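K.L.:
What follows is a single structure, and I will ask about it in a moment.
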Amino acid sequence: MARKAAGRPPEETLSLWKREQALLKTLVVDRDTEAWQRDPAFSGLQRVGGVDVSFVKGDSVSACASLVVLSYPELEVMYEDCRMVSLTAPYVSGFLAFREVPFLVDAVQQLREKEPRLMPQVLFVDGNGVLHHRGFGVACHLGVVTDLPCIGVAKKLLQVDGLENNALHKEKIRLLKAGGDSFPLMGGSGTVLGMALKSHDHSTKPLYVSVGHKMSLEAAVRLTHGCCKFRIPEPVRQADIRSRDYIRRTLGVQGAPALRPERSKKAQRPKACPQGASEEPAGSPSLRAFSAKDGNEPHQKKWPKLQQRIWGREKEALWELRSQGRHPRLPEGYPASLGHHPPRNMLAAPCDPDSSRRSGS
């Protein structure tokens with residue numbers, strides 16, 4: 001049965017959270033603290049980490065906390081830790097850290113105790129750092145508590161200190177031509193809170209990079225760009241993929257309903273199958289909702305926009321598997337055109353169906 005988290009915390013709790021943020025904010029270091037951060041090629045950087053918390057549709061209590069460590073610059077996964085957790089705090093804008101950080105800190109501590117040689121030298125966080133209502137987002141919180149360099153990477157602009165996603169902002173985005181291009185996010189206070197970054201040549205939407213802890217904004221932006229095989233930095237992308245897969249496998253083992261993980265409309269990847277295998281990719285259960293068996297033919301007008309979004313996500317996943325030399329077949333009822341051309345946002349990655357080169361997933 002789906003569970004719901006408690007409602008909005010009382011004002012006393014929010015006041016305590018604000019005071020804790022203000023106290024920890026004084027410990028944030030927004031400059032480079034390691035020699036590799038000041039090197040143009042990041043010489044000396046060998047391990048980059050990513051964290052993510054994925055949720056189950058219809059259940060705001062159960063979630064999967066994930067930590068991955070990748071080699072640098074190869075961006076191959078060296079370590080992963082996924083675990084189901086029960087959230088105790090509800091989501092409140094500006095206080096995401098109090099909902100998610102305790103579980104991520106536990107994951108970092110477990111790695112520190114079990115495999116200290118695999119400790120990441122920097123953590124990528126799916127969220128904001130100093131680009132925050134009170135200048136202390138989830139990336140700052142995690143960095144200060146773990147004492148690790150952290151980078152905040154958000155997919156949407158948090159509109160604080162006068163920042164707006166208005167016509168001027170969209171025009172600046174349009175002027176970003178090549179991967180690595182960026183522009184500063186200067187608030188009304190005159191402070192640069194972060195950078196809008198075009199993560200690769202074919203990305204149409206920028207990432208919003210901000211300092212978390214123990215790293216300068218300039219180095220954070222360069223490293224974020226260097227870790228992007230696709231739009232999202234590979235450490236965060238792998239943490240997301242693996243946490244969703246863990247939820248699917250765990251719910252399947254427990255015989256729970258086939259619920260689809262969700263968080264900020266992130267796409268769920270199908271399970272990779274060996275080359276030549278005949279099994280269908282195990283994508284989200286919602287794929288079946290539009291199969292020919294159920295009478296929902298592609299030409300029907302029932303939920304057409306949702307159907308197109310689902311097909312778009314599965315097309316990206318299909319071509320990602322093909323870039324690894326795997327050849328999953330499409331489920332019954334899916335248009336064959338999904339396999340004809342790679343999605344536009346993956347043109348920067350190797351998309352040859354016959355290629356055996358790994359794409360990182």
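In the structure tokens, the first chain shown is A, the next is B, and so on; residue numbers restart at 1 for each chain, and ligands run from 1 in the order shown.
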Quick one: residues within 9 Å of Pro233 in chain A, only C-alpha atoms, excluding same-chain residues fewer than 3 positions away - as a PyMOL selection string?
P.N.:
chain A and resi 50+124+153+199+224-230+236-238
K.L.:
Atoms to include: C-alpha atoms. Write the selected residues as a short mmCIF file (atom, residue, chain, number, x, y, z; two decimals), in the first residue's frame.
P.N.:
```cif
data_model
loop_
_atom_site.label_atom_id
_atom_site.label_comp_id
_atom_site.auth_asym_id
_atom_site.auth_seq_id
_atom_site.Cartn_x
_atom_site.Cartn_y
_atom_site.Cartn_z
CA GLY A 50 27.43 11.09 -7.60
CA PHE A 124 28.12 15.73 -7.76
CA VAL A 153 23.92 20.59 -10.52
CA SER A 199 26.73 20.63 -21.08
CA THR A 224 30.82 19.38 -14.76
CA HIS A 225 31.33 19.85 -18.48
CA GLY A 226 34.14 17.30 -18.45
CA CYS A 227 31.89 14.70 -16.83
CA CYS A 228 29.01 14.99 -19.31
CA LYS A 229 28.63 12.21 -21.85
CA PHE A 230 25.04 13.34 -22.19
CA VAL A 236 24.56 11.84 -11.17
CA ARG A 237 23.17 10.03 -14.21
CA GLN A 238 24.59 6.70 -13.08
#
```
K.L.:
Using DSSP on the backbone coordinates, identify all residues within range 53-207 of chain A classified as strand (DSSP E); present the result as a PyMOL selection string.
P.N.:
chain A and resi 53-56+59-71+77-86+123-126+150-154+182-186+192-197+207
K.L.:
Please produce a file of the residues just selected, as a compact mmCIF listing (two decimals), in the first residue's frame, where the atoms kept are N, CA and C atoms.
P.N.:
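Once everything was written out, this is out-v9.txt:
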```txt
# COMPACT_ATOMS: atom_id res chain seq x y z
N VAL A 53 18.55 10.36 -4.88
CA VAL A 53 17.46 9.71 -4.14
C VAL A 53 16.29 9.60 -5.09
N SER A 54 15.85 8.37 -5.39
CA SER A 54 14.72 8.13 -6.29
C SER A 54 13.53 7.64 -5.50
N PHE A 55 12.35 7.99 -5.98
CA PHE A 55 11.13 7.68 -5.25
C PHE A 55 10.27 6.71 -6.03
N VAL A 56 9.25 6.18 -5.36
CA VAL A 56 8.31 5.25 -5.95
C VAL A 56 6.99 5.97 -6.14
N ASP A 59 4.11 6.58 -3.48
CA ASP A 59 4.63 6.32 -2.13
C ASP A 59 5.68 7.38 -1.83
N SER A 60 5.33 8.34 -0.98
CA SER A 60 6.26 9.43 -0.67
C SER A 60 7.13 9.12 0.55
N VAL A 61 7.10 7.88 1.01
CA VAL A 61 7.91 7.48 2.16
C VAL A 61 9.07 6.59 1.72
N SER A 62 8.78 5.60 0.87
CA SER A 62 9.83 4.69 0.42
C SER A 62 10.65 5.34 -0.68
N ALA A 63 11.96 5.18 -0.61
CA ALA A 63 12.87 5.75 -1.61
C ALA A 63 14.14 4.93 -1.66
N CYS A 64 14.95 5.19 -2.67
CA CYS A 64 16.24 4.52 -2.79
C CYS A 64 17.33 5.58 -2.81
N ALA A 65 18.25 5.50 -1.85
CA ALA A 65 19.41 6.39 -1.80
C ALA A 65 20.58 5.70 -2.49
N SER A 66 21.22 6.42 -3.39
CA SER A 66 22.27 5.82 -4.21
C SER A 66 23.53 6.66 -4.17
N LEU A 67 24.67 5.98 -4.07
CA LEU A 67 25.99 6.60 -4.18
C LEU A 67 26.80 5.79 -5.18
N VAL A 68 27.37 6.47 -6.17
CA VAL A 68 28.26 5.79 -7.12
C VAL A 68 29.58 6.54 -7.16
N VAL A 69 30.63 5.81 -7.47
CA VAL A 69 31.96 6.39 -7.66
C VAL A 69 32.46 5.96 -9.03
N LEU A 70 32.89 6.92 -9.83
CA LEU A 70 33.37 6.67 -11.17
C LEU A 70 34.84 7.03 -11.28
N SER A 71 35.54 6.34 -12.15
CA SER A 71 36.92 6.70 -12.44
C SER A 71 36.93 7.98 -13.28
N VAL A 77 32.10 3.12 -13.80
CA VAL A 77 31.65 2.92 -12.43
C VAL A 77 32.61 1.99 -11.69
N MET A 78 33.12 2.44 -10.56
CA MET A 78 34.03 1.66 -9.72
C MET A 78 33.32 1.11 -8.48
N TYR A 79 32.27 1.80 -8.07
CA TYR A 79 31.60 1.43 -6.82
C TYR A 79 30.17 1.92 -6.88
N GLU A 80 29.24 1.14 -6.34
CA GLU A 80 27.86 1.60 -6.21
C GLU A 80 27.26 1.05 -4.94
N ASP A 81 26.40 1.84 -4.35
CA ASP A 81 25.69 1.43 -3.13
C ASP A 81 24.28 1.99 -3.22
N CYS A 82 23.31 1.10 -3.31
CA CYS A 82 21.90 1.48 -3.34
C CYS A 82 21.19 0.81 -2.18
N ARG A 83 20.35 1.55 -1.51
CA ARG A 83 19.60 0.98 -0.39
C ARG A 83 18.24 1.65 -0.27
N MET A 84 17.24 0.85 0.08
CA MET A 84 15.90 1.39 0.31
C MET A 84 15.87 2.07 1.67
N VAL A 85 15.23 3.23 1.71
CA VAL A 85 15.13 3.99 2.95
C VAL A 85 13.70 4.46 3.13
N SER A 86 13.36 4.80 4.36
CA SER A 86 12.04 5.35 4.68
C SER A 86 12.22 6.80 5.09
N LEU A 123 32.03 15.20 -5.04
CA LEU A 123 30.68 14.65 -5.18
C LEU A 123 29.83 15.58 -6.04
N PHE A 124 29.13 15.00 -7.01
CA PHE A 124 28.12 15.73 -7.76
C PHE A 124 26.75 15.46 -7.11
N VAL A 125 26.00 16.52 -6.91
CA VAL A 125 24.70 16.42 -6.24
C VAL A 125 23.61 16.93 -7.17
N ASP A 126 22.54 16.17 -7.27
CA ASP A 126 21.39 16.57 -8.08
C ASP A 126 20.58 17.61 -7.30
N CYS A 150 31.98 19.40 -3.06
CA CYS A 150 30.68 19.09 -3.66
C CYS A 150 30.31 20.13 -4.71
N ILE A 151 29.61 19.66 -5.73
CA ILE A 151 29.12 20.52 -6.81
C ILE A 151 27.61 20.32 -6.91
N GLY A 152 26.88 21.42 -6.91
CA GLY A 152 25.44 21.35 -7.12
C GLY A 152 25.11 21.50 -8.59
N VAL A 153 24.32 20.56 -9.12
CA VAL A 153 23.92 20.59 -10.52
C VAL A 153 22.41 20.42 -10.59
N ALA A 154 21.71 21.47 -11.01
CA ALA A 154 20.25 21.44 -11.11
C ALA A 154 19.82 21.54 -12.56
N SER A 182 28.83 29.05 -21.24
CA SER A 182 28.09 29.31 -20.01
C SER A 182 27.90 30.81 -19.83
N PHE A 183 27.03 31.18 -18.91
CA PHE A 183 26.89 32.57 -18.52
C PHE A 183 26.57 32.63 -17.03
N PRO A 184 26.99 33.70 -16.35
CA PRO A 184 26.81 33.78 -14.90
C PRO A 184 25.36 34.06 -14.50
N LEU A 185 24.99 33.55 -13.36
CA LEU A 185 23.68 33.80 -12.78
C LEU A 185 23.86 34.82 -11.65
N MET A 186 23.70 36.07 -12.01
CA MET A 186 23.92 37.15 -11.03
C MET A 186 22.58 37.58 -10.44
N VAL A 192 27.20 36.55 -7.82
CA VAL A 192 27.10 35.47 -8.81
C VAL A 192 26.81 34.18 -8.04
N LEU A 193 25.61 33.66 -8.23
CA LEU A 193 25.17 32.49 -7.47
C LEU A 193 25.49 31.17 -8.16
N GLY A 194 25.78 31.22 -9.45
CA GLY A 194 26.07 30.01 -10.19
C GLY A 194 26.28 30.34 -11.64
N MET A 195 26.29 29.27 -12.47
CA MET A 195 26.48 29.43 -13.90
C MET A 195 25.47 28.56 -14.63
N ALA A 196 24.94 29.09 -15.73
CA ALA A 196 24.14 28.27 -16.65
C ALA A 196 25.09 27.69 -17.67
N LEU A 197 25.13 26.36 -17.78
CA LEU A 197 26.12 25.66 -18.60
C LEU A 197 25.44 24.83 -19.68
N LEU A 207 22.36 23.32 -17.78
CA LEU A 207 22.41 22.91 -16.38
C LEU A 207 22.74 24.14 -15.55
```
K.L.:
Please identify all polymer residues within 9 Å of range 21-27 of chain A, counting only C-alpha atoms, omitting same-chain residues fewer than 5 positions from it, and present them as an MDAnalysis selection string.
P.N.:
chainID A and resid 16 95 134:137 140:141 144:145 213
K.L.:
Just how far from CA of Val28 in chain A is CA of Gly129 in chain A, in Å to one decimal?
P.N.:
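Between CA of Gly129 in chain A and CA of Val28 in chain A the gap works out to 9.9 Å.
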K.L.:
Which is closer to Arg248 in chain A than all the others in A:Arg222, A:Leu217, A:Thr204, A:Lys57, using only C-alpha atoms?
P.N.:
A:Lys57
K.L.:
To one decimal place, how far is CA of Val108 in chain A from CA of Leu158 in chain A in Å?
P.N.:
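Interatomic distance, CA of Val108 in chain A to CA of Leu158 in chain A: 26.7 Å.
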K.L.:
Taking into account only C-alpha atoms, which residue in the set A:Gly162, A:Gly94, A:Gly127, A:Pro102 is nearest to Ala139 in chain A?
P.N.:
A:Gly127
K.L.:
What is the CA of Gln121 in chain A to CA of His133 in chain A distance in Å?
P.N.:
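Computed distance, CA of Gln121 in chain A to CA of His133 in chain A, equals 27.3 Å.
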K.L.:
Among range 31-211 of chain A, which residues carry a DSSP assignment of helix (DSSP H, G or I), reported as number ranges by chain?
P.N.:
A: 35-38, 97-114, 116-118, 138-146, 167-174
K.L.:
How would the residues just chosen look if you wrote them out with C-alpha atoms as an mmCIF file, in the first residue's frame?
P.N.:
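Below you can see selection_32.cif, which holds the result:
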```cif
data_model
loop_
_atom_site.group_PDB
_atom_site.id
_atom_site.type_symbol
_atom_site.label_atom_id
_atom_site.label_comp_id
_atom_site.auth_asym_id
_atom_site.auth_seq_id
_atom_site.Cartn_x
_atom_site.Cartn_y
_atom_site.Cartn_z
ATOM 1 C CA ALA A 35 45.815 20.922 -6.140
ATOM 2 C CA TRP A 36 43.920 18.994 -8.827
ATOM 3 C CA GLN A 37 41.172 21.628 -8.818
ATOM 4 C CA ARG A 38 43.638 24.296 -9.958
ATOM 5 C CA ALA A 97 18.569 18.488 2.660
ATOM 6 C CA PHE A 98 16.607 17.582 5.776
ATOM 7 C CA ARG A 99 14.681 15.023 3.738
ATOM 8 C CA GLU A 100 17.552 13.410 1.820
ATOM 9 C CA VAL A 101 20.993 14.245 3.224
ATOM 10 C CA PRO A 102 20.950 11.914 6.280
ATOM 11 C CA PHE A 103 20.718 8.863 4.005
ATOM 12 C CA LEU A 104 23.405 10.152 1.647
ATOM 13 C CA VAL A 105 25.725 10.850 4.585
ATOM 14 C CA ASP A 106 25.200 7.264 5.756
ATOM 15 C CA ALA A 107 26.159 5.988 2.296
ATOM 16 C CA VAL A 108 29.341 8.078 2.270
ATOM 17 C CA GLN A 109 30.237 6.919 5.768
ATOM 18 C CA GLN A 110 29.717 3.269 4.806
ATOM 19 C CA LEU A 111 32.104 3.713 1.881
ATOM 20 C CA ARG A 112 34.635 5.491 4.089
ATOM 21 C CA GLU A 113 34.608 2.523 6.479
ATOM 22 C CA LYS A 114 34.431 -0.320 3.936
ATOM 23 C CA PRO A 116 38.408 4.057 1.926
ATOM 24 C CA ARG A 117 40.569 3.747 -1.187
ATOM 25 C CA LEU A 118 37.441 4.316 -3.297
ATOM 26 C CA VAL A 138 21.536 20.383 -0.497
ATOM 27 C CA ALA A 139 24.996 20.333 -2.163
ATOM 28 C CA CYS A 140 26.367 22.697 0.503
ATOM 29 C CA HIS A 141 24.746 20.697 3.296
ATOM 30 C CA LEU A 142 26.154 17.371 2.093
ATOM 31 C CA GLY A 143 29.590 18.868 1.487
ATOM 32 C CA VAL A 144 29.892 20.443 4.924
ATOM 33 C CA VAL A 145 28.642 17.348 6.771
ATOM 34 C CA THR A 146 30.873 14.907 4.838
ATOM 35 C CA ALA A 167 12.652 36.296 -21.940
ATOM 36 C CA LEU A 168 16.114 37.732 -21.237
ATOM 37 C CA HIS A 169 17.229 34.516 -19.556
ATOM 38 C CA LYS A 170 15.918 32.436 -22.451
ATOM 39 C CA GLU A 171 17.732 34.654 -24.927
ATOM 40 C CA LYS A 172 20.996 34.068 -23.057
ATOM 41 C CA ILE A 173 20.355 30.342 -23.275
ATOM 42 C CA ARG A 174 19.787 30.634 -27.018
#
```
K.L.:
Using only C-alpha atoms, can you tell me which of A:Tyr72, A:Leu176, A:Asp161, A:Asp147 comes closest to Thr191 in chain A?
P.N.:
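Checking each of A:Tyr72, A:Leu176, A:Asp161, A:Asp147 against Thr191 in chain A, counting only C-alpha atoms, the winner is A:Asp161.
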